[in-house]
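Take a look at the structure below.
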Amino acid sequence: MNIHPLISKARKDFPILKREVNGYPLAFLDNAATTQKPKIVIDAITNFYENHNSNVSRGLYTLAEEATEIYESGRDTVANFIGAKDPETIIFTSGTTESINLVASAWGEKNFKRGDRIILTEMEHHSNIVPWQLAAQSFGIELVYWPVTPDGMLDMGMLEELLAKPVKLLTFTMVSNVLGSINPVEQITEIAHRHGVPVLVDSAQAVSRMPTRVAEWDCDFLAFSGHKVYGPTGIGILYAKKQRLEEMIPYQVGGGMISHVGKHESNWAVPPHKFEAGTPPIGQVPGLKAALEYIAYYGIEELEKHDNELTEHALNQLTKFPDLELYGPSEIQNRTGVVSFNLKNVHSHDVAQVLDESGIALRAGHHCTQVLHDKLGVSATVRMSFGIYNDSSEIDRMFLALDQAREIFLH
């Protein structure tokens, strides 16, 4: 049964879903790692290279002007999609990882000093931990971890306590890529700002699942990746308030981010170009633009409903099996379509391999969250995560395939 009829139509838009794996129809349940691409995205990238390929902001000939217009119109589309008031607050990067590194370097170099404190959470992806570890080593700052509660949430009552001492930055994921927990961005940001603390939001897992409204949330920075929102790899976004952009020095230097270069010193271009050195991801921008327009066509609120319905179905199925241990909130209102579990006494890698034999693609491992897995007391988990093209029958197939894993490893 397709839970959400409107969204289930989208499956026809994704060419890769026509293929089989090991003789079975592909059930792609690894959308937290990356999403598949609709044909409209593939066509947009192909069209750019076939008809408009040129470098941007460098030439006066027709192709160069067309490429520049396409590139900048992509910035407009991103700003509109995430609710940013000004496209100049949108910086193109290679992905969430580079976006966070950009803040850690470009903003940190100007603002960090020895003894400063950064708050991050125990549920962060490595890309929102390791850059701050390097910053801590370089600037002598302290990393303070906001603990995860036993039910997979953040203790909001603890935030005031963490902010009692001066804090330079609070950074957190909007949706955990393991627990599926949804963190209340607007509430967290409001509390942090009352203490004068800027906020960075890792929205990699949230941007394709629920509305993004940076102006309403009032966050200082927000990062996400194109490939997790049905767009191409190799492109990401950093949103930053204009005030924060003015506080940042160049992250990389070279062509495209300068206004004048002399023999001994240079002047920088204005943001966002100040932070887009060299040839940017020109060919990926039309793909990302098409992906965001594709989501807008169906409506992000409809995707959110679909995601919630699939998540509820998966949680209901999980409760039928006492040998499956769920990680993260059990209440649907506190989580989204990232569901991690373990089959007791069976390694997650073995489970994933058996499921692959039935054409089911999902992830097993620590999911770049070793700090969180240490907190959970396990080395790895099995993770299924949903996208616009998934339906409940694929979830049911996954649970049926788990029976085969039980037969192999537990009998």
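In the structure tokens, each chain is lettered A, B, ... as it comes, each chain's residues begin at 1, and ligands are numbered from 1 in order of appearance.
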message = List as an MDAnalysis selection string the protein and nucleic acid residues near stretch 279-294 of chain A, meaning an atom at most 7 Å away when only C-alpha atoms are counted, but skip any in the same chain fewer than 4 places from it.
response = chainID A and resid 40:42 44:45 48 70:71 74 77 81 226 229:232 235 298
Just-selected residues, C-alpha atoms written as a short mmCIF file (atom, residue, chain, number, x, y, z; two decimals), in the first residue's frame:
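Result file part-v3.cif:
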```cif
data_model
loop_
_atom_site.label_atom_id
_atom_site.label_comp_id
_atom_site.auth_asym_id
_atom_site.auth_seq_id
_atom_site.Cartn_x
_atom_site.Cartn_y
_atom_site.Cartn_z
CA ILE A 40 14.47 16.80 -14.08
CA VAL A 41 17.69 17.24 -12.09
CA ILE A 42 19.72 15.01 -14.41
CA ALA A 44 19.12 20.28 -15.92
CA ILE A 45 22.78 19.32 -15.47
CA PHE A 48 23.86 23.18 -18.87
CA ILE A 70 21.94 30.50 -14.38
CA TYR A 71 24.41 30.48 -11.48
CA GLY A 74 20.26 29.30 -8.47
CA THR A 77 16.10 29.79 -5.71
CA PHE A 81 13.52 27.78 -0.57
CA GLY A 226 22.60 19.39 -2.36
CA VAL A 229 17.83 17.16 -1.14
CA TYR A 230 17.53 15.26 -4.48
CA GLY A 231 20.23 17.44 -6.07
CA PRO A 232 23.75 16.69 -7.30
CA ILE A 235 27.45 21.36 -3.98
CA TYR A 298 5.03 18.66 -4.65
#
```
message = Which residues are near A:Lys305? Cut-off 12 Å, only C-alpha atoms, ignore same chain within fewer than 5 positions. Put them as a list in words.
response =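 Neighbouring residues, sequence-local ones excluded: Ile3, His4, Pro5, Leu6, Ile7, Ser208, Arg209, Met210, Pro211, Tyr298, Gly299, Ile300, Leu310, Thr311, Glu312, Ile332, Gln333, Thr336, Gly337, Phe386, Gly387 and Ile388 of chain A.
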ask   = How would you write, as a PyMOL selection string, the set of residues in stretch 20-205 of chain A that DSSP gives as helix (DSSP H, G or I)?
value = chain A and resi 39-51+62-82+87-89+96-111+126-128+130-139+156-162+185-194
key: Non-local contacts of A:Lys242 (9 Å; only C-alpha atoms; under 5 positions in same chain excluded) as number ranges by chain   = A: 86, 88-89, 220, 247, 271
Can I get the selected residues back with N, CA and C atoms, as a PDB file, in the first residue's frame?
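To be explicit, this is the file written out as selection27.pdb:
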```
ATOM      1  N   ASP A  86      17.583  37.668   1.617  1.00  0.00           N
ATOM      2  CA  ASP A  86      18.562  38.251   0.693  1.00  0.00           C
ATOM      3  C   ASP A  86      19.424  37.148   0.086  1.00  0.00           C
ATOM      4  N   GLU A  88      22.195  37.355  -1.223  1.00  0.00           N
ATOM      5  CA  GLU A  88      23.610  37.588  -0.924  1.00  0.00           C
ATOM      6  C   GLU A  88      24.047  36.943   0.384  1.00  0.00           C
ATOM      7  N   THR A  89      23.107  36.366   1.117  1.00  0.00           N
ATOM      8  CA  THR A  89      23.453  35.613   2.328  1.00  0.00           C
ATOM      9  C   THR A  89      23.671  34.130   2.030  1.00  0.00           C
ATOM     10  N   ASP A 220      22.035  32.194  12.960  1.00  0.00           N
ATOM     11  CA  ASP A 220      23.126  32.984  12.375  1.00  0.00           C
ATOM     12  C   ASP A 220      23.739  32.297  11.172  1.00  0.00           C
ATOM     13  N   GLU A 247      31.817  39.654   9.606  1.00  0.00           N
ATOM     14  CA  GLU A 247      32.782  39.263  10.633  1.00  0.00           C
ATOM     15  C   GLU A 247      33.764  38.209  10.143  1.00  0.00           C
ATOM     16  N   PRO A 271      30.717  39.847  -0.109  1.00  0.00           N
ATOM     17  CA  PRO A 271      30.012  38.567   0.021  1.00  0.00           C
ATOM     18  C   PRO A 271      28.789  38.540  -0.891  1.00  0.00           C
TER      19      PRO A 271
END
```
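Residues surrounding A:Phe224 within 8 Å are Gly95, Thr96, Ser99, Asp202, Ser203, Ala204, Gln205, Val207, Gly236, Ile237 and Leu238 of chain A [only C-alpha atoms; sequence separation below 4 positions excluded].
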Keeping only C-alpha atoms, write the selected residues as a PDB file, in the first residue's frame.
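Wrote it out as selection-v2.pdb, contents follow:
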```
ATOM      1  CA  GLY A  95      28.588  20.478   0.864  1.00  0.00           C
ATOM      2  CA  THR A  96      27.643  20.667   4.529  1.00  0.00           C
ATOM      3  CA  SER A  99      30.095  24.968   4.937  1.00  0.00           C
ATOM      4  CA  ASP A 202      23.348  21.689  10.556  1.00  0.00           C
ATOM      5  CA  SER A 203      20.259  21.145   8.404  1.00  0.00           C
ATOM      6  CA  ALA A 204      21.613  18.344   6.197  1.00  0.00           C
ATOM      7  CA  GLN A 205      18.997  15.823   7.376  1.00  0.00           C
ATOM      8  CA  VAL A 207      16.078  20.337   4.574  1.00  0.00           C
ATOM      9  CA  GLY A 236      26.246  22.678  -0.639  1.00  0.00           C
ATOM     10  CA  ILE A 237      24.978  25.839   0.965  1.00  0.00           C
ATOM     11  CA  LEU A 238      26.070  28.059   3.794  1.00  0.00           C
TER      12      LEU A 238
END
```
key: From A:Ala364, A:Met257, A:Ala314, A:Leu162, residue lying nearest A:His195 [only C-alpha atoms]   = A:Leu162
Backbone-only DSSP, strand (DSSP E or B) members of stretch 114-351 of chain A, as a PyMOL selection string = chain A and resi 117-121+142-146+148+154+169-173+175+181-182+199-202+221-225+236-240+258-261+266-268+324-327+335+338-343
key: A:Thr369 environment, 9 Å, only C-alpha atoms, sequence neighbours closer than 4 positions dropped, as an MDAnalysis selection string   = chainID A and resid 122:126 177:178 373:374
Could you turn the residues from that selection into a file that holds C-alpha atoms, as a compact mmCIF listing (two decimals), in the first residue's frame?
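Writing done, so here's again_8.txt:
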```txt
# COMPACT_ATOMS: atom_id res chain seq x y z
CA GLU A 122 26.47 14.44 21.53
CA MET A 123 24.32 13.63 18.48
CA GLU A 124 26.43 15.59 15.97
CA HIS A 125 27.80 14.19 12.72
CA HIS A 126 31.58 14.15 12.55
CA ASN A 177 21.17 11.35 11.26
CA VAL A 178 20.92 8.34 13.61
CA HIS A 373 27.33 5.54 19.36
CA ASP A 374 29.68 5.57 22.34
```
message = Just want the 8 Å neighbourhood of stretch 389-406 of chain A, counted on only C-alpha atoms, with same-chain residues fewer than 3 positions away dropped. Output as a list in words.
response =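 Using only C-alpha atoms, the neighbours found are Met1, Asn2, Ile3, His4, Ile7, Ser8, Lys9, Ala10, Arg11, Ala27, Phe28, Leu29, Leu310, His313, Ala314, Gln317, Asp350, Val351, Val354, Leu355, Ser358, Ile360, Phe386, Phe409, Leu410 and His411 of chain A.
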Shell of 8 Å around A:Phe112, only C-alpha atoms, local chain residues under 4 positions omitted, as an MDAnalysis selection string = chainID A and resid 108 116 139 141 168
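Straight-line separation from atom CA of A:Trp132 to atom CA of A:Leu120: 9.0 Å.
Proximity ranking of A:Ala64, A:Leu26, A:Val214, A:Met158 relative to A:Ile191 places A:Met158 first, based on only C-alpha atoms.
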key: Å distance separating atom CA of A:Pro147 from atom CA of A:Lys375, one decimal place   =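 Atom-to-atom, atom CA of A:Pro147 and atom CA of A:Lys375 are spaced 9.0 Å apart.
Nearest to A:Leu169 of all the residues A:Ser127, A:Ile119, A:Glu142, A:Glu216 is A:Ile119, counting only C-alpha atoms.
The two atoms in question, atom CA of A:Tyr49 and atom CA of A:Gly255, are spaced 21.9 Å apart.
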